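Trainee: Take this structure first; my questions come after.
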Amino acid sequence: MQAVTLRELLPEDIELVAVFDNNRELPSPFPDVPIFYGEEGFEAWLSARPQRETLYFAVAIGSALGYDRCQIGTFLQQHGLLPYSIIADSAIISPTARIGAGVQILPGVVIDARVEIGDYALLNLSVTVAHACKIARGVHLAPGVTMAGMSVIEDYVTLYTGVHVSPRVRVGARSVVGIGSTVLRDIPAGVLAYGMPAVAQKKLF
């Protein structure tokens, strides 16, 4: 789980009723909330709920699992649940920013004007995103990431802690940029990149 728990970020009028995981050895992180395992556990739980009930979900996994977040989100939406965007009260977000479905924006995040954030993106603690940046689906920006203006982060990218992205730079889909790296020029899709400046070190896909 993240250091700031899901429950801490939920409004008081939202009740956390269940947790789901594929790891059957994992206990519920909340003693008063039951945990269910796998698709069969989810479907059994759902079938026992009132049919007209409105249910929301948040996919609370991070790291380089943006594609998985999106797939899980699609699965839950197909079963009638609605994606819930969790946005910390301390986040500063321009009214001109556009935020997709199922997004998580943690404490200390700053989002400037005309930023676009895709579905199921995760902006972790103290991330700063300058004007007119584009962050695609399933992106994870780890704590302390900074993005300068008009940079583009494509689908399912992970930028690890302390990465700095320079203006007008693009990071290709499914790439991973290592801790503390500085991205001065475009990073191709599907690679692990790191360094100062960051360069592609190996192909991931």
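Labeling convention for the structure tokens: chains A, B, ... as they appear, residues from 1 per chain, ligands from 1 in order of appearance.
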Neighbouring residues of Lys203 of chain A were defined as those with any atom within 8 Å, considering only C-alpha atoms; residues of the same chain fewer than 3 positions away were excluded. Please report them as a VMD selection string.
Mentor: chain A and resid 190 to 192 200
Trainee: For segment 78-128 of chain A against segment 157-179 of chain A, with a cut-off of 12 Å and counting only C-alpha atoms, what is the closest atom pair and its distance in Å to one decimal for every residue that makes the cut, ordered by chain and number, as CSV?
Mentor:
residue,atom,partner,partner_atom,distance
A:Gly118,CA,A:Val157,CA,11.7
A:Tyr120,CA,A:Val157,CA,11.9
A:Ala121,CA,A:Val157,CA,9.6
A:Leu122,CA,A:Thr158,CA,9.5
A:Leu123,CA,A:Leu159,CA,10.0
A:Asn124,CA,A:Thr161,CA,9.2
A:Leu125,CA,A:Thr161,CA,9.6
A:Ser126,CA,A:Gly162,CA,9.8
A:Val127,CA,A:Gly162,CA,8.9
A:Thr128,CA,A:His164,CA,9.6
Trainee: Using all heavy atoms, can you export the residues from the last selection as a PDB file, in the first residue's frame?
Mentor:
ATOM      1  N   GLY A 118      -4.559  11.525 -18.255  1.00  0.00           N
ATOM      2  CA  GLY A 118      -5.379  10.433 -18.749  1.00  0.00           C
ATOM      3  C   GLY A 118      -5.925   9.542 -17.647  1.00  0.00           C
ATOM      4  O   GLY A 118      -5.550   9.641 -16.470  1.00  0.00           O
ATOM      5  N   TYR A 120      -6.720   6.668 -15.053  1.00  0.00           N
ATOM      6  CA  TYR A 120      -5.958   5.772 -14.167  1.00  0.00           C
ATOM      7  C   TYR A 120      -4.497   6.196 -13.999  1.00  0.00           C
ATOM      8  O   TYR A 120      -3.659   5.382 -13.628  1.00  0.00           O
ATOM      9  CB  TYR A 120      -6.049   4.315 -14.635  1.00  0.00           C
ATOM     10  CG  TYR A 120      -7.471   3.851 -14.731  1.00  0.00           C
ATOM     11  CD1 TYR A 120      -8.071   3.600 -15.966  1.00  0.00           C
ATOM     12  CD2 TYR A 120      -8.251   3.706 -13.595  1.00  0.00           C
ATOM     13  CE1 TYR A 120      -9.397   3.212 -16.057  1.00  0.00           C
ATOM     14  CE2 TYR A 120      -9.582   3.320 -13.679  1.00  0.00           C
ATOM     15  CZ  TYR A 120     -10.144   3.073 -14.914  1.00  0.00           C
ATOM     16  OH  TYR A 120     -11.455   2.699 -14.996  1.00  0.00           O
ATOM     17  N   ALA A 121      -4.209   7.460 -14.263  1.00  0.00           N
ATOM     18  CA  ALA A 121      -2.876   7.967 -13.953  1.00  0.00           C
ATOM     19  C   ALA A 121      -2.747   8.123 -12.438  1.00  0.00           C
ATOM     20  O   ALA A 121      -3.729   8.376 -11.729  1.00  0.00           O
ATOM     21  CB  ALA A 121      -2.630   9.300 -14.639  1.00  0.00           C
ATOM     22  N   LEU A 122      -1.520   7.978 -11.940  1.00  0.00           N
ATOM     23  CA  LEU A 122      -1.220   8.120 -10.517  1.00  0.00           C
ATOM     24  C   LEU A 122      -0.121   9.156 -10.359  1.00  0.00           C
ATOM     25  O   LEU A 122       1.005   8.955 -10.825  1.00  0.00           O
ATOM     26  CB  LEU A 122      -0.782   6.770  -9.940  1.00  0.00           C
ATOM     27  CG  LEU A 122      -0.171   6.767  -8.529  1.00  0.00           C
ATOM     28  CD1 LEU A 122      -1.114   7.379  -7.517  1.00  0.00           C
ATOM     29  CD2 LEU A 122       0.189   5.339  -8.122  1.00  0.00           C
ATOM     30  N   LEU A 123      -0.458  10.257  -9.700  1.00  0.00           N
ATOM     31  CA  LEU A 123       0.513  11.307  -9.397  1.00  0.00           C
ATOM     32  C   LEU A 123       0.792  11.238  -7.911  1.00  0.00           C
ATOM     33  O   LEU A 123      -0.062  11.588  -7.085  1.00  0.00           O
ATOM     34  CB  LEU A 123      -0.014  12.683  -9.805  1.00  0.00           C
ATOM     35  CG  LEU A 123       0.096  13.041 -11.298  1.00  0.00           C
ATOM     36  CD1 LEU A 123      -0.761  12.136 -12.166  1.00  0.00           C
ATOM     37  CD2 LEU A 123      -0.268  14.494 -11.521  1.00  0.00           C
ATOM     38  N   ASN A 124       1.972  10.772  -7.576  1.00  0.00           N
ATOM     39  CA  ASN A 124       2.312  10.488  -6.189  1.00  0.00           C
ATOM     40  C   ASN A 124       2.720  11.767  -5.458  1.00  0.00           C
ATOM     41  O   ASN A 124       2.643  12.871  -5.990  1.00  0.00           O
ATOM     42  CB  ASN A 124       3.401   9.413  -6.145  1.00  0.00           C
ATOM     43  CG  ASN A 124       3.182   8.402  -5.049  1.00  0.00           C
ATOM     44  OD1 ASN A 124       2.970   8.769  -3.894  1.00  0.00           O
ATOM     45  ND2 ASN A 124       3.234   7.123  -5.389  1.00  0.00           N
ATOM     46  N   LEU A 125       3.186  11.614  -4.226  1.00  0.00           N
ATOM     47  CA  LEU A 125       3.435  12.739  -3.338  1.00  0.00           C
ATOM     48  C   LEU A 125       4.353  13.795  -3.958  1.00  0.00           C
ATOM     49  O   LEU A 125       5.410  13.471  -4.512  1.00  0.00           O
ATOM     50  CB  LEU A 125       4.075  12.240  -2.042  1.00  0.00           C
ATOM     51  CG  LEU A 125       3.243  11.239  -1.220  1.00  0.00           C
ATOM     52  CD1 LEU A 125       4.115  10.591  -0.166  1.00  0.00           C
ATOM     53  CD2 LEU A 125       2.049  11.932  -0.592  1.00  0.00           C
ATOM     54  N   SER A 126       3.924  15.066  -3.866  1.00  0.00           N
ATOM     55  CA  SER A 126       4.759  16.228  -4.215  1.00  0.00           C
ATOM     56  C   SER A 126       5.217  16.259  -5.666  1.00  0.00           C
ATOM     57  O   SER A 126       6.272  16.803  -5.973  1.00  0.00           O
ATOM     58  CB  SER A 126       5.971  16.309  -3.276  1.00  0.00           C
ATOM     59  OG  SER A 126       5.539  16.430  -1.934  1.00  0.00           O
ATOM     60  N   VAL A 127       4.435  15.706  -6.559  1.00  0.00           N
ATOM     61  CA  VAL A 127       4.710  15.823  -7.997  1.00  0.00           C
ATOM     62  C   VAL A 127       4.346  17.235  -8.465  1.00  0.00           C
ATOM     63  O   VAL A 127       3.351  17.813  -8.019  1.00  0.00           O
ATOM     64  CB  VAL A 127       3.908  14.768  -8.785  1.00  0.00           C
ATOM     65  CG1 VAL A 127       3.854  15.096 -10.267  1.00  0.00           C
ATOM     66  CG2 VAL A 127       4.496  13.386  -8.565  1.00  0.00           C
ATOM     67  N   THR A 128       5.149  17.786  -9.377  1.00  0.00           N
ATOM     68  CA  THR A 128       4.865  19.099  -9.967  1.00  0.00           C
ATOM     69  C   THR A 128       4.794  18.962 -11.489  1.00  0.00           C
ATOM     70  O   THR A 128       5.726  18.440 -12.112  1.00  0.00           O
ATOM     71  CB  THR A 128       5.958  20.115  -9.599  1.00  0.00           C
ATOM     72  OG1 THR A 128       6.014  20.254  -8.176  1.00  0.00           O
ATOM     73  CG2 THR A 128       5.669  21.471 -10.219  1.00  0.00           C
TER      74      THR A 128
END
Trainee: Would you mind listing what lies within 6 Å of segment 10-23 of chain A as an NGL selection string, with only C-alpha atoms counted and same-chain residues fewer than 6 positions away left out?
Mentor: :A and (33-38)
Trainee: If you run DSSP on the backbone here, which positions in segment 47-125 of chain A get helix (DSSP H, G or I)? Please write them as a list of chain:residue names.
Mentor: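 Helix (DSSP H, G or I) members of segment 47-125 of chain A, listed: A:Ser47, A:Gly66, A:Tyr67, A:Asp68, A:Arg69, A:Cys70, A:Gln71, A:Ile72, A:Gly73, A:Thr74, A:Phe75, A:Leu76, A:Gln77, A:Gln78.
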Trainee: For the residues in that selection, give me N, CA and C atoms as a PDB file, in the first residue's frame.
Mentor:
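Written out: part.pdb:
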ATOM      1  N   SER A  47     -22.310 -10.222  -6.576  1.00  0.00           N
ATOM      2  CA  SER A  47     -23.637 -10.846  -6.703  1.00  0.00           C
ATOM      3  C   SER A  47     -24.440 -10.763  -5.415  1.00  0.00           C
ATOM      4  N   GLY A  66       1.005   0.428 -14.762  1.00  0.00           N
ATOM      5  CA  GLY A  66      -0.042   1.270 -15.313  1.00  0.00           C
ATOM      6  C   GLY A  66      -0.976   0.529 -16.254  1.00  0.00           C
ATOM      7  N   TYR A  67      -0.415  -0.375 -17.062  1.00  0.00           N
ATOM      8  CA  TYR A  67      -1.267  -1.163 -17.959  1.00  0.00           C
ATOM      9  C   TYR A  67      -2.234  -2.009 -17.143  1.00  0.00           C
ATOM     10  N   ASP A  68      -1.739  -2.613 -16.058  1.00  0.00           N
ATOM     11  CA  ASP A  68      -2.597  -3.427 -15.201  1.00  0.00           C
ATOM     12  C   ASP A  68      -3.700  -2.582 -14.567  1.00  0.00           C
ATOM     13  N   ARG A  69      -3.375  -1.359 -14.125  1.00  0.00           N
ATOM     14  CA  ARG A  69      -4.395  -0.487 -13.557  1.00  0.00           C
ATOM     15  C   ARG A  69      -5.522  -0.248 -14.555  1.00  0.00           C
ATOM     16  N   CYS A  70      -5.154   0.017 -15.803  1.00  0.00           N
ATOM     17  CA  CYS A  70      -6.169   0.276 -16.825  1.00  0.00           C
ATOM     18  C   CYS A  70      -7.004  -0.964 -17.122  1.00  0.00           C
ATOM     19  N   GLN A  71      -6.358  -2.140 -17.185  1.00  0.00           N
ATOM     20  CA  GLN A  71      -7.097  -3.378 -17.451  1.00  0.00           C
ATOM     21  C   GLN A  71      -8.068  -3.696 -16.319  1.00  0.00           C
ATOM     22  N   ILE A  72      -7.610  -3.531 -15.078  1.00  0.00           N
ATOM     23  CA  ILE A  72      -8.488  -3.766 -13.939  1.00  0.00           C
ATOM     24  C   ILE A  72      -9.653  -2.776 -13.954  1.00  0.00           C
ATOM     25  N   GLY A  73      -9.347  -1.516 -14.258  1.00  0.00           N
ATOM     26  CA  GLY A  73     -10.402  -0.521 -14.338  1.00  0.00           C
ATOM     27  C   GLY A  73     -11.448  -0.863 -15.384  1.00  0.00           C
ATOM     28  N   THR A  74     -11.002  -1.317 -16.550  1.00  0.00           N
ATOM     29  CA  THR A  74     -11.942  -1.710 -17.611  1.00  0.00           C
ATOM     30  C   THR A  74     -12.807  -2.879 -17.155  1.00  0.00           C
ATOM     31  N   PHE A  75     -12.184  -3.875 -16.509  1.00  0.00           N
ATOM     32  CA  PHE A  75     -12.926  -5.031 -16.000  1.00  0.00           C
ATOM     33  C   PHE A  75     -14.016  -4.599 -15.013  1.00  0.00           C
ATOM     34  N   LEU A  76     -13.680  -3.726 -14.086  1.00  0.00           N
ATOM     35  CA  LEU A  76     -14.648  -3.293 -13.086  1.00  0.00           C
ATOM     36  C   LEU A  76     -15.762  -2.457 -13.704  1.00  0.00           C
ATOM     37  N   GLN A  77     -15.411  -1.623 -14.683  1.00  0.00           N
ATOM     38  CA  GLN A  77     -16.442  -0.850 -15.359  1.00  0.00           C
ATOM     39  C   GLN A  77     -17.401  -1.750 -16.132  1.00  0.00           C
ATOM     40  N   GLN A  78     -16.875  -2.817 -16.715  1.00  0.00           N
ATOM     41  CA  GLN A  78     -17.744  -3.757 -17.433  1.00  0.00           C
ATOM     42  C   GLN A  78     -18.733  -4.443 -16.505  1.00  0.00           C
TER      43      GLN A  78
END
Trainee: Near Ile117 of chain A, counting only C-alpha atoms, which residues have an atom at most 7 Å away, once you skip same-chain residues fewer than 3 positions from it, shown as a ChimeraX atom specification?
Mentor: /A:98-100,121,134-136
Trainee: As a VMD selection string, please: the residues near segment 108-116 of chain A (cut-off 12 Å, only C-alpha atoms, same-chain neighbours under 4 positions excluded).
Mentor: chain A and resid 4 87 to 101 103 to 104 121 to 137 139 141 to 154
Trainee: Take the selection from the previous step and output its residues with C-alpha atoms, as a compact mmCIF listing (two decimals), in the first residue's frame.
Mentor:
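Contents of result20.txt, as written:
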# COMPACT_ATOMS: atom_id res chain seq x y z
CA VAL A 4 -0.84 7.68 2.38
CA ILE A 87 -7.69 13.88 -5.18
CA ALA A 88 -6.00 15.04 -1.98
CA ASP A 89 -7.27 18.25 -0.43
CA SER A 90 -3.73 19.66 -0.38
CA ALA A 91 -3.22 19.23 -4.13
CA ILE A 92 -3.14 22.49 -6.12
CA ILE A 93 -4.84 22.04 -9.50
CA SER A 94 -5.46 24.70 -12.14
CA PRO A 95 -9.13 25.02 -13.13
CA THR A 96 -8.02 24.65 -16.76
CA ALA A 97 -6.47 21.20 -16.18
CA ARG A 98 -8.34 18.21 -17.62
CA ILE A 99 -8.38 15.09 -15.46
CA GLY A 100 -9.50 11.64 -16.63
CA ALA A 101 -11.38 8.87 -14.85
CA VAL A 103 -7.04 9.25 -11.43
CA GLN A 104 -5.21 9.45 -8.08
CA ALA A 121 -2.88 7.97 -13.95
CA LEU A 122 -1.22 8.12 -10.52
CA LEU A 123 0.51 11.31 -9.40
CA ASN A 124 2.31 10.49 -6.19
CA LEU A 125 3.44 12.74 -3.34
CA SER A 126 4.76 16.23 -4.22
CA VAL A 127 4.71 15.82 -8.00
CA THR A 128 4.86 19.10 -9.97
CA VAL A 129 3.47 19.34 -13.50
CA ALA A 130 4.00 22.61 -15.37
CA HIS A 131 1.76 24.21 -18.00
CA ALA A 132 0.39 22.35 -21.04
CA CYS A 133 1.93 18.97 -20.20
CA LYS A 134 0.18 15.80 -21.35
CA ILE A 135 0.12 12.71 -19.14
CA ALA A 136 -1.50 9.69 -20.79
CA ARG A 137 -3.39 6.65 -19.49
CA VAL A 139 1.10 6.77 -16.09
CA LEU A 141 4.71 9.72 -11.53
CA ALA A 142 6.52 8.67 -8.33
CA PRO A 143 7.18 11.06 -5.41
CA GLY A 144 9.01 14.25 -6.26
CA VAL A 145 8.80 14.01 -10.06
CA THR A 146 8.87 17.37 -11.84
CA MET A 147 7.69 18.00 -15.39
CA ALA A 148 8.56 21.25 -17.16
CA GLY A 149 6.14 22.87 -19.60
CA MET A 150 4.70 21.17 -22.68
CA SER A 151 6.33 17.78 -22.05
CA VAL A 152 4.46 14.59 -22.98
CA ILE A 153 4.34 11.28 -21.10
CA GLU A 154 2.75 8.50 -23.16
Trainee: Going by DSSP on the backbone, which bits of segment 21-131 of chain A are strand (DSSP E)? Write them as a list of chain:residue names, please.
Mentor: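 Going through segment 21-131 of chain A, the strand (DSSP E) residues come out as A:Asp21, A:Ile35, A:Phe36, A:Tyr37, A:Tyr56, A:Phe57, A:Leu82, A:Pro83, A:Ile86, A:Ile87, A:Ile92, A:Ile93, A:Arg98, A:Ile99, A:Gln104, A:Ile105, A:Val110, A:Ile111, A:Glu116, A:Ile117, A:Leu122, A:Leu123, A:Thr128, A:Val129.
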Trainee: Now that the selection is made, can you save its residues with N, CA and C atoms as a compact mmCIF listing (two decimals), in the first residue's frame?
Mentor:
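Now in out.txt:
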# COMPACT_ATOMS: atom_id res chain seq x y z
N ASP A 21 -7.76 -8.46 -4.17
CA ASP A 21 -6.38 -8.71 -4.55
C ASP A 21 -6.27 -10.10 -5.12
N ILE A 35 -11.51 -8.60 2.65
CA ILE A 35 -10.76 -8.72 1.40
C ILE A 35 -11.24 -9.95 0.64
N PHE A 36 -11.31 -9.85 -0.68
CA PHE A 36 -11.73 -10.94 -1.55
C PHE A 36 -10.66 -11.14 -2.61
N TYR A 37 -10.55 -12.38 -3.11
CA TYR A 37 -9.42 -12.74 -3.95
C TYR A 37 -9.87 -13.17 -5.35
N TYR A 56 -18.53 2.50 -6.48
CA TYR A 56 -17.35 3.12 -7.08
C TYR A 56 -16.12 2.28 -6.75
N PHE A 57 -15.05 2.47 -7.52
CA PHE A 57 -13.83 1.74 -7.24
C PHE A 57 -12.62 2.64 -7.47
N LEU A 82 -18.21 2.25 -11.07
CA LEU A 82 -17.80 3.54 -11.62
C LEU A 82 -16.43 3.93 -11.09
N PRO A 83 -15.52 4.39 -11.95
CA PRO A 83 -14.19 4.80 -11.47
C PRO A 83 -14.29 6.06 -10.62
N ILE A 86 -9.44 9.98 -6.86
CA ILE A 86 -9.06 10.37 -5.51
C ILE A 86 -8.08 11.54 -5.61
N ILE A 87 -8.49 12.67 -5.08
CA ILE A 87 -7.69 13.88 -5.18
C ILE A 87 -7.52 14.46 -3.78
N ILE A 92 -2.82 21.21 -5.47
CA ILE A 92 -3.14 22.49 -6.12
C ILE A 92 -3.31 22.21 -7.61
N ILE A 93 -4.52 22.42 -8.12
CA ILE A 93 -4.84 22.04 -9.50
C ILE A 93 -5.47 23.23 -10.21
N ARG A 98 -7.34 19.23 -17.28
CA ARG A 98 -8.34 18.21 -17.62
C ARG A 98 -7.89 16.88 -17.03
N ILE A 99 -8.75 16.29 -16.22
CA ILE A 99 -8.38 15.09 -15.46
C ILE A 99 -9.32 13.95 -15.84
N GLN A 104 -5.56 9.23 -9.49
CA GLN A 104 -5.21 9.45 -8.08
C GLN A 104 -4.14 10.53 -8.01
N ILE A 105 -4.47 11.59 -7.27
CA ILE A 105 -3.58 12.74 -7.09
C ILE A 105 -3.34 12.90 -5.60
N VAL A 110 1.16 19.60 -7.49
CA VAL A 110 0.83 20.88 -8.12
C VAL A 110 0.67 20.66 -9.61
N ILE A 111 -0.50 21.04 -10.15
CA ILE A 111 -0.80 20.85 -11.56
C ILE A 111 -1.14 22.22 -12.16
N GLU A 116 -3.17 17.99 -19.22
CA GLU A 116 -4.12 16.91 -19.51
C GLU A 116 -3.61 15.63 -18.83
N ILE A 117 -4.49 14.97 -18.08
CA ILE A 117 -4.14 13.75 -17.36
C ILE A 117 -5.10 12.66 -17.76
N LEU A 122 -1.52 7.98 -11.94
CA LEU A 122 -1.22 8.12 -10.52
C LEU A 122 -0.12 9.16 -10.36
N LEU A 123 -0.46 10.26 -9.70
CA LEU A 123 0.51 11.31 -9.40
C LEU A 123 0.79 11.24 -7.91
N THR A 128 5.15 17.79 -9.38
CA THR A 128 4.86 19.10 -9.97
C THR A 128 4.79 18.96 -11.49
N VAL A 129 3.69 19.42 -12.05
CA VAL A 129 3.47 19.34 -13.50
C VAL A 129 3.21 20.75 -14.02
Trainee: Quote the spacing between atom CA of Leu106 of chain A and atom CA of Ser28 of chain A in Å to one decimal place.
Mentor: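 One can read the atom CA of Leu106 of chain A to atom CA of Ser28 of chain A distance as 21.6 Å.
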Trainee: Record the distance separating atom CA of Gly80 of chain A and atom CA of Thr54 of chain A, expressed in Å with one decimal.
Mentor: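 Those two atoms sit 8.5 Å apart.
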Trainee: One decimal, in Å: what's the spacing between atom CA of Ala189 of chain A and atom CA of Ser63 of chain A?
Mentor: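 Atom-to-atom, atom CA of Ala189 of chain A to atom CA of Ser63 of chain A, that is 17.4 Å.
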Trainee: Rank A:Asp119, A:Glu40, A:Glu53, A:Asp155 by their smallest atom-to-atom distance to Leu81 of chain A, using only C-alpha atoms, and report the top residue only.
Mentor: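 The answer is A:Glu53, which sits nearest to Leu81 of chain A.
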